[in-house]
file structure-v8.cif (mmCIF, C-alpha atoms and all ligand atoms)
data_run
loop_
_atom_site.group_PDB
_atom_site.id
_atom_site.type_symbol
_atom_site.label_atom_id
_atom_site.label_comp_id
_atom_site.auth_asym_id
_atom_site.auth_seq_id
_atom_site.Cartn_x
_atom_site.Cartn_y
_atom_site.Cartn_z
ATOM 1 C CA LYS A 2 86.064 -53.545 1.373
ATOM 2 C CA SER A 3 83.842 -50.547 1.713
ATOM 3 C CA GLY A 4 80.162 -49.885 2.032
ATOM 4 C CA PHE A 5 77.274 -48.041 3.572
ATOM 5 C CA VAL A 6 75.598 -48.912 6.837
ATOM 6 C CA SER A 7 72.512 -47.443 8.438
ATOM 7 C CA ILE A 8 71.947 -47.550 12.212
ATOM 8 C CA ILE A 9 68.332 -47.715 13.268
ATOM 9 C CA GLY A 10 66.850 -47.847 16.719
ATOM 10 C CA ARG A 11 64.461 -46.014 18.948
ATOM 11 C CA PRO A 12 65.736 -43.024 20.957
ATOM 12 C CA ASN A 13 68.250 -43.728 23.732
ATOM 13 C CA VAL A 14 69.231 -47.237 22.652
ATOM 14 C CA GLY A 15 72.789 -45.972 22.204
ATOM 15 C CA LYS A 16 73.226 -45.124 18.524
ATOM 16 C CA SER A 17 75.269 -41.975 19.134
ATOM 17 C CA THR A 18 77.343 -43.677 21.805
ATOM 18 C CA PHE A 19 78.167 -46.453 19.354
ATOM 19 C CA LEU A 20 79.122 -43.991 16.612
ATOM 20 C CA ASN A 21 81.285 -42.059 19.025
ATOM 21 C CA ARG A 22 83.114 -45.196 19.998
ATOM 22 C CA VAL A 23 83.680 -46.321 16.436
ATOM 23 C CA ILE A 24 84.363 -43.010 14.774
ATOM 24 C CA GLY A 25 85.175 -40.294 17.286
ATOM 25 C CA GLN A 26 83.854 -37.359 19.206
ATOM 26 C CA LYS A 27 83.012 -34.908 16.418
ATOM 27 C CA ILE A 28 80.304 -37.065 14.940
ATOM 28 C CA ALA A 29 77.875 -36.918 17.843
ATOM 29 C CA ILE A 30 77.709 -33.185 17.475
ATOM 30 C CA MET A 31 77.003 -33.577 13.779
ATOM 31 C CA SER A 32 74.276 -36.145 14.319
ATOM 32 C CA ASP A 33 72.269 -33.866 16.604
ATOM 33 C CA LYS A 34 71.825 -31.309 13.839
ATOM 34 C CA PRO A 35 68.469 -31.288 12.047
ATOM 35 C CA GLN A 36 68.359 -33.758 9.208
ATOM 36 C CA THR A 37 67.921 -32.113 5.895
ATOM 37 C CA THR A 38 69.226 -34.598 3.387
ATOM 38 C CA ARG A 39 68.100 -38.042 2.401
ATOM 39 C CA ASN A 40 71.239 -39.925 3.339
ATOM 40 C CA LYS A 41 73.356 -37.947 5.743
ATOM 41 C CA VAL A 42 76.833 -39.270 6.425
ATOM 42 C CA GLN A 43 77.263 -39.561 10.172
ATOM 43 C CA GLY A 44 80.803 -40.770 10.102
ATOM 44 C CA VAL A 45 83.357 -42.917 8.364
ATOM 45 C CA TYR A 46 85.207 -45.786 9.986
ATOM 46 C CA THR A 47 88.489 -46.497 8.278
ATOM 47 C CA ALA A 48 90.737 -49.484 8.894
ATOM 48 C CA ASP A 49 93.568 -51.024 6.878
ATOM 49 C CA ASP A 50 91.234 -53.453 5.162
ATOM 50 C CA SER A 51 87.964 -51.600 5.083
ATOM 51 C CA GLN A 52 85.924 -48.445 5.162
ATOM 52 C CA ILE A 53 82.434 -48.260 6.603
ATOM 53 C CA ILE A 54 80.316 -45.197 5.939
ATOM 54 C CA PHE A 55 77.605 -44.786 8.545
ATOM 55 C CA ILE A 56 74.611 -42.928 7.238
ATOM 56 C CA ASP A 57 71.458 -41.608 8.757
ATOM 57 C CA THR A 58 68.088 -42.304 7.191
ATOM 58 C CA PRO A 59 65.644 -39.608 8.296
ATOM 59 C CA GLY A 60 62.180 -40.653 9.322
ATOM 60 C CA ILE A 61 62.757 -44.290 10.194
ATOM 61 C CA HIS A 62 64.304 -44.104 13.630
ATOM 62 C CA LYS A 63 62.970 -40.733 14.669
ATOM 63 C CA PRO A 64 59.232 -40.896 14.157
ATOM 64 C CA LYS A 65 58.674 -37.677 16.082
ATOM 65 C CA HIS A 66 56.447 -36.191 13.441
ATOM 66 C CA ARG A 67 54.009 -37.965 11.208
ATOM 67 C CA LEU A 68 55.570 -38.251 7.813
ATOM 68 C CA GLY A 69 53.531 -38.277 4.660
ATOM 69 C CA ASP A 70 53.387 -41.458 2.587
ATOM 70 C CA PHE A 71 55.846 -40.002 0.124
ATOM 71 C CA MET A 72 58.422 -39.101 2.755
ATOM 72 C CA MET A 73 58.091 -42.509 4.341
ATOM 73 C CA LYS A 74 58.659 -44.140 0.978
ATOM 74 C CA VAL A 75 61.766 -42.042 0.438
ATOM 75 C CA ALA A 76 63.079 -43.059 3.853
ATOM 76 C CA THR A 77 62.348 -46.735 3.295
ATOM 77 C CA ASN A 78 63.914 -46.693 -0.164
ATOM 78 C CA ALA A 79 67.075 -45.240 1.335
ATOM 79 C CA LEU A 80 67.338 -48.455 3.360
ATOM 80 C CA ARG A 81 67.384 -50.490 0.152
ATOM 81 C CA GLU A 82 70.495 -48.662 -0.959
ATOM 82 C CA VAL A 83 72.703 -49.462 2.013
ATOM 83 C CA ASP A 84 74.805 -52.623 2.301
ATOM 84 C CA ALA A 85 73.690 -53.398 5.836
ATOM 85 C CA ILE A 86 71.351 -52.132 8.512
ATOM 86 C CA LEU A 87 72.157 -52.186 12.225
ATOM 87 C CA PHE A 88 68.912 -52.507 14.144
ATOM 88 C CA MET A 89 69.929 -51.461 17.646
ATOM 89 C CA VAL A 90 67.857 -52.382 20.683
ATOM 90 C CA ASN A 91 68.257 -51.804 24.402
ATOM 91 C CA VAL A 92 68.570 -55.124 26.242
ATOM 92 C CA THR A 93 67.315 -53.585 29.476
ATOM 93 C CA GLU A 94 63.909 -52.738 28.008
ATOM 94 C CA PRO A 95 61.221 -54.928 26.491
ATOM 95 C CA ARG A 96 60.347 -54.568 22.835
ATOM 96 C CA GLY A 97 58.133 -51.505 22.591
ATOM 97 C CA ALA A 98 56.080 -49.417 20.193
ATOM 98 C CA GLY A 99 59.204 -47.675 18.915
ATOM 99 C CA ASP A 100 60.708 -51.038 18.005
ATOM 100 C CA GLU A 101 57.472 -52.168 16.340
ATOM 101 C CA PHE A 102 57.484 -49.074 14.155
ATOM 102 C CA ILE A 103 60.973 -49.873 12.954
ATOM 103 C CA ILE A 104 60.291 -53.586 12.489
ATOM 104 C CA GLU A 105 57.354 -52.763 10.222
ATOM 105 C CA LYS A 106 59.606 -50.588 8.062
ATOM 106 C CA LEU A 107 62.293 -53.256 7.868
ATOM 107 C CA LYS A 108 59.954 -56.065 6.838
ATOM 108 C CA GLY A 109 60.216 -56.913 3.174
ATOM 109 C CA LEU A 110 63.624 -55.321 2.664
ATOM 110 C CA ASP A 111 66.368 -57.400 1.077
ATOM 111 C CA THR A 112 69.098 -55.490 2.874
ATOM 112 C CA PRO A 113 70.839 -57.646 5.503
ATOM 113 C CA ILE A 114 70.033 -56.620 9.058
ATOM 114 C CA ILE A 115 72.195 -57.163 12.124
ATOM 115 C CA LEU A 116 70.398 -57.180 15.470
ATOM 116 C CA VAL A 117 72.662 -55.155 17.755
ATOM 117 C CA MET A 118 71.749 -55.747 21.376
ATOM 118 C CA ASN A 119 73.221 -52.823 23.280
ATOM 119 C CA LYS A 120 73.853 -52.145 26.983
ATOM 120 C CA ILE A 121 74.880 -55.702 27.867
ATOM 121 C CA ASP A 122 76.967 -54.237 30.684
ATOM 122 C CA LEU A 123 73.656 -53.840 32.518
ATOM 123 C CA ILE A 124 72.484 -57.469 32.326
ATOM 124 C CA HIS A 125 73.737 -60.996 32.973
ATOM 125 C CA PRO A 126 74.924 -62.859 29.827
ATOM 126 C CA ASP A 127 72.308 -65.560 30.528
ATOM 127 C CA GLU A 128 69.610 -63.022 29.666
ATOM 128 C CA ILE A 129 70.786 -62.514 26.059
ATOM 129 C CA PRO A 130 68.924 -65.497 24.525
ATOM 130 C CA ALA A 131 65.637 -64.082 25.837
ATOM 131 C CA VAL A 132 66.404 -60.783 24.098
ATOM 132 C CA ILE A 133 67.094 -62.574 20.809
ATOM 133 C CA GLU A 134 63.816 -64.431 21.177
ATOM 134 C CA GLN A 135 61.909 -61.139 21.375
ATOM 135 C CA TYR A 136 63.019 -60.135 17.894
ATOM 136 C CA THR A 137 63.844 -63.285 15.980
ATOM 137 C CA ASN A 138 60.276 -64.101 14.950
ATOM 138 C CA GLN A 139 59.831 -60.664 13.453
ATOM 139 C CA LEU A 140 62.708 -60.438 10.996
ATOM 140 C CA ASP A 141 65.476 -62.529 9.454
ATOM 141 C CA PHE A 142 68.756 -61.330 10.851
ATOM 142 C CA ALA A 143 72.165 -61.800 9.240
ATOM 143 C CA ALA A 144 73.734 -61.796 12.715
ATOM 144 C CA TYR A 145 72.978 -61.166 16.366
ATOM 145 C CA VAL A 146 75.602 -59.184 18.231
ATOM 146 C CA PRO A 147 75.428 -58.178 21.907
ATOM 147 C CA ILE A 148 77.538 -55.096 22.679
ATOM 148 C CA SER A 149 78.168 -52.386 25.195
ATOM 149 C CA ALA A 150 78.668 -49.207 23.214
ATOM 150 C CA LEU A 151 79.504 -47.420 26.442
ATOM 151 C CA GLN A 152 82.237 -49.801 27.577
ATOM 152 C CA GLY A 153 83.262 -51.012 24.149
ATOM 153 C CA ASN A 154 82.480 -54.680 24.733
ATOM 154 C CA ASN A 155 82.167 -56.705 21.524
ATOM 155 C CA VAL A 156 82.371 -53.668 19.236
ATOM 156 C CA GLU A 157 85.243 -55.232 17.242
ATOM 157 C CA PRO A 158 83.270 -58.444 16.553
ATOM 158 C CA LEU A 159 80.379 -56.277 15.385
ATOM 159 C CA LEU A 160 82.641 -54.453 12.931
ATOM 160 C CA LYS A 161 83.785 -57.866 11.714
ATOM 161 C CA GLU A 162 80.180 -58.937 11.089
ATOM 162 C CA ILE A 163 79.525 -55.706 9.191
ATOM 163 C CA LYS A 164 82.603 -56.246 7.002
ATOM 164 C CA LYS A 165 81.263 -59.677 6.003
ATOM 165 C CA LEU A 166 78.258 -57.924 4.462
ATOM 166 C CA LEU A 167 80.169 -55.320 2.448
HETATM 167 P P1 LIG B 201 70.645 -42.644 20.920
HETATM 168 O O1 LIG B 201 69.444 -41.806 21.214
HETATM 169 O O2 LIG B 201 70.237 -43.971 20.346
HETATM 170 O O3 LIG B 201 71.658 -41.955 20.086
HETATM 171 O O4 LIG B 201 71.294 -42.996 22.346
HETATM 172 P P2 LIG B 201 72.581 -42.353 23.048
HETATM 173 O O5 LIG B 201 73.819 -42.828 22.396
HETATM 174 O O6 LIG B 201 72.385 -40.896 23.161
HETATM 175 O O7 LIG B 201 72.526 -43.047 24.500
HETATM 176 C C1 LIG B 201 71.431 -42.853 25.368
HETATM 177 C C2 LIG B 201 71.890 -43.110 26.805
HETATM 178 O O8 LIG B 201 72.250 -44.482 26.962
HETATM 179 C C3 LIG B 201 73.113 -42.297 27.211
HETATM 180 O O9 LIG B 201 72.952 -41.906 28.550
HETATM 181 C C4 LIG B 201 74.257 -43.294 27.063
HETATM 182 O O10 LIG B 201 75.338 -43.022 27.923
HETATM 183 C C5 LIG B 201 73.571 -44.592 27.444
HETATM 184 N N1 LIG B 201 74.230 -45.768 26.832
HETATM 185 C C6 LIG B 201 74.533 -45.939 25.529
HETATM 186 N N2 LIG B 201 75.119 -47.129 25.323
HETATM 187 C C7 LIG B 201 75.203 -47.727 26.546
HETATM 188 C C8 LIG B 201 75.735 -48.985 26.993
HETATM 189 O O11 LIG B 201 76.273 -49.803 26.244
HETATM 190 N N3 LIG B 201 75.629 -49.241 28.328
HETATM 191 C C9 LIG B 201 75.058 -48.365 29.198
HETATM 192 N N4 LIG B 201 75.024 -48.720 30.494
HETATM 193 N N5 LIG B 201 74.563 -47.177 28.798
HETATM 194 C C10 LIG B 201 74.633 -46.853 27.496
HETATM 195 MG MG MG B 202 71.521 -40.065 19.132
#
call {"tool": "encode", "arguments": {"input": "structure-v8.cif", "output": "structure tokens"}}
result
Amino acid sequence: KSGFVSIIGRPNVGKSTFLNRVIGQKIAIMSDKPQTTRNKVQGVYTADDSQIIFIDTPGIHKPKHRLGDFMMKVATNALREVDAILFMVNVTEPRGAGDEFIIEKLKGLDTPIILVMNKIDLIHPDEIPAVIEQYTNQLDFAAYVPISALQGNNVEPLLKEIKKLL
């Protein structure tokens, strides 16, 4: 199985840390370069049974500058072309404006979305259902996966969920 996956989340939720863990050190350096192309490959995960190409979609997760309607449309259309979207949130912070921005862009897409709840090393497992509740009314998720990108907890199960969608 092989396919394309986009990781979306507001700054500092742990996207680069996750990519580093899954793919390796070089990629983080790559992903900090200015984004010039529509779908920039951030890294490729290769296993015996599968290949997952992680791509970056400019404009969705880094709303630093106001994008014109056209650019926003280009960015949103790029999300229609991937096999799955990882919407990464930080479990130690409440849903915020950055998350709302992303949720609005994800609404109405047919692409399956996995809610990736990162930084679970910083909370008690009992708190996870409350995190799910913050997002579940907003979007239909294909799966909910709590992880610690930093410590590696549950990263394998997440890869398994992604493979189901390829
Ligand atoms: P990005 O902006 O989404 O790419 O976020 P980064 O990957 O740069 O991470 C932002 C900060 O959060 C860094 O200091 C990371 O070390 C930290 N971080 C990322 N994942 C985790 C995690 O699972 N647990 C903890 N405790 N910290 C994390
Ligand atoms: Mg980053």
call {"tool": "resolve_selection", "arguments": {"input": "structure-v8.cif", "expression": "the PyMOL selection byres (((chain A and resi 3-5) around 8) and not hetatm)", "output": "PDB file with C-alpha atoms, in the coordinates of the input"}}
result
ATOM      1  CA  LYS A   2      86.064 -53.545   1.373  1.00  0.00           C
ATOM      2  CA  VAL A   6      75.598 -48.912   6.837  1.00  0.00           C
ATOM      3  CA  SER A   7      72.512 -47.443   8.438  1.00  0.00           C
ATOM      4  CA  SER A  51      87.964 -51.600   5.083  1.00  0.00           C
ATOM      5  CA  GLN A  52      85.924 -48.445   5.162  1.00  0.00           C
ATOM      6  CA  ILE A  53      82.434 -48.260   6.603  1.00  0.00           C
ATOM      7  CA  ILE A  54      80.316 -45.197   5.939  1.00  0.00           C
ATOM      8  CA  PHE A  55      77.605 -44.786   8.545  1.00  0.00           C
ATOM      9  CA  ILE A  56      74.611 -42.928   7.238  1.00  0.00           C
ATOM     10  CA  VAL A  83      72.703 -49.462   2.013  1.00  0.00           C
ATOM     11  CA  ASP A  84      74.805 -52.623   2.301  1.00  0.00           C
ATOM     12  CA  ALA A  85      73.690 -53.398   5.836  1.00  0.00           C
ATOM     13  CA  LYS A 164      82.603 -56.246   7.002  1.00  0.00           C
ATOM     14  CA  LEU A 167      80.169 -55.320   2.448  1.00  0.00           C
TER      15      LEU A 167
END
call {"tool": "atom_distance", "arguments": {"input": "structure-v8.cif", "atom1": "atom CA of Pro95 of chain A", "atom2": "atom CA of Leu107 of chain A"}}
result
18.7 Å
call {"tool": "resolve_selection", "arguments": {"input": "structure-v8.cif", "expression": "the PyMOL selection byres (((not hetatm)) within 10 of (chain B and resi 201))", "output": "short mmCIF file (atom, residue, chain, number, x, y, z; two decimals) with C-alpha atoms, in the coordinates of the input"}}
result
data_model
loop_
_atom_site.label_atom_id
_atom_site.label_comp_id
_atom_site.auth_asym_id
_atom_site.auth_seq_id
_atom_site.Cartn_x
_atom_site.Cartn_y
_atom_site.Cartn_z
CA ILE A 8 71.95 -47.55 12.21
CA ILE A 9 68.33 -47.72 13.27
CA GLY A 10 66.85 -47.85 16.72
CA ARG A 11 64.46 -46.01 18.95
CA PRO A 12 65.74 -43.02 20.96
CA ASN A 13 68.25 -43.73 23.73
CA VAL A 14 69.23 -47.24 22.65
CA GLY A 15 72.79 -45.97 22.20
CA LYS A 16 73.23 -45.12 18.52
CA SER A 17 75.27 -41.98 19.13
CA THR A 18 77.34 -43.68 21.80
CA PHE A 19 78.17 -46.45 19.35
CA LEU A 20 79.12 -43.99 16.61
CA ASN A 21 81.28 -42.06 19.02
CA ARG A 22 83.11 -45.20 20.00
CA ALA A 29 77.88 -36.92 17.84
CA SER A 32 74.28 -36.15 14.32
CA ASP A 33 72.27 -33.87 16.60
CA HIS A 62 64.30 -44.10 13.63
CA LYS A 63 62.97 -40.73 14.67
CA MET A 89 69.93 -51.46 17.65
CA VAL A 90 67.86 -52.38 20.68
CA ASN A 91 68.26 -51.80 24.40
CA VAL A 92 68.57 -55.12 26.24
CA THR A 93 67.32 -53.58 29.48
CA MET A 118 71.75 -55.75 21.38
CA ASN A 119 73.22 -52.82 23.28
CA LYS A 120 73.85 -52.14 26.98
CA ILE A 121 74.88 -55.70 27.87
CA ASP A 122 76.97 -54.24 30.68
CA LEU A 123 73.66 -53.84 32.52
CA ILE A 124 72.48 -57.47 32.33
CA PRO A 147 75.43 -58.18 21.91
CA ILE A 148 77.54 -55.10 22.68
CA SER A 149 78.17 -52.39 25.20
CA ALA A 150 78.67 -49.21 23.21
CA LEU A 151 79.50 -47.42 26.44
CA GLN A 152 82.24 -49.80 27.58
CA GLY A 153 83.26 -51.01 24.15
CA ASN A 154 82.48 -54.68 24.73
#
call {"tool": "resolve_selection", "arguments": {"input": "structure-v8.cif", "expression": "the PyMOL selection byres (((chain A and resi 130-135) around 9) and not hetatm)", "output": "list in words"}}
result
Val92, Pro95, Arg96, Leu116, Met118, Pro126, Asp127, Glu128, Ile129, Tyr136, Thr137, Asn138, Gln139 and Tyr145 of chain A
call {"tool": "closest_residue", "arguments": {"input": "structure-v8.cif", "among": "A:Leu87, A:Asp57, A:Asp49, A:Glu105", "to": "ligand MG 202 (chain B)", "atoms": "all atoms listed in the file"}}
result
A:Asp57
call {"tool": "atom_distance", "arguments": {"input": "structure-v8.cif", "atom1": "atom CA of Pro113 of chain A", "atom2": "atom CA of Ala144 of chain A"}}
result
8.8 Å
call {"tool": "atom_distance", "arguments": {"input": "structure-v8.cif", "atom1": "atom CA of Val117 of chain A", "atom2": "atom CA of Phe88 of chain A"}}
result
5.8 Å
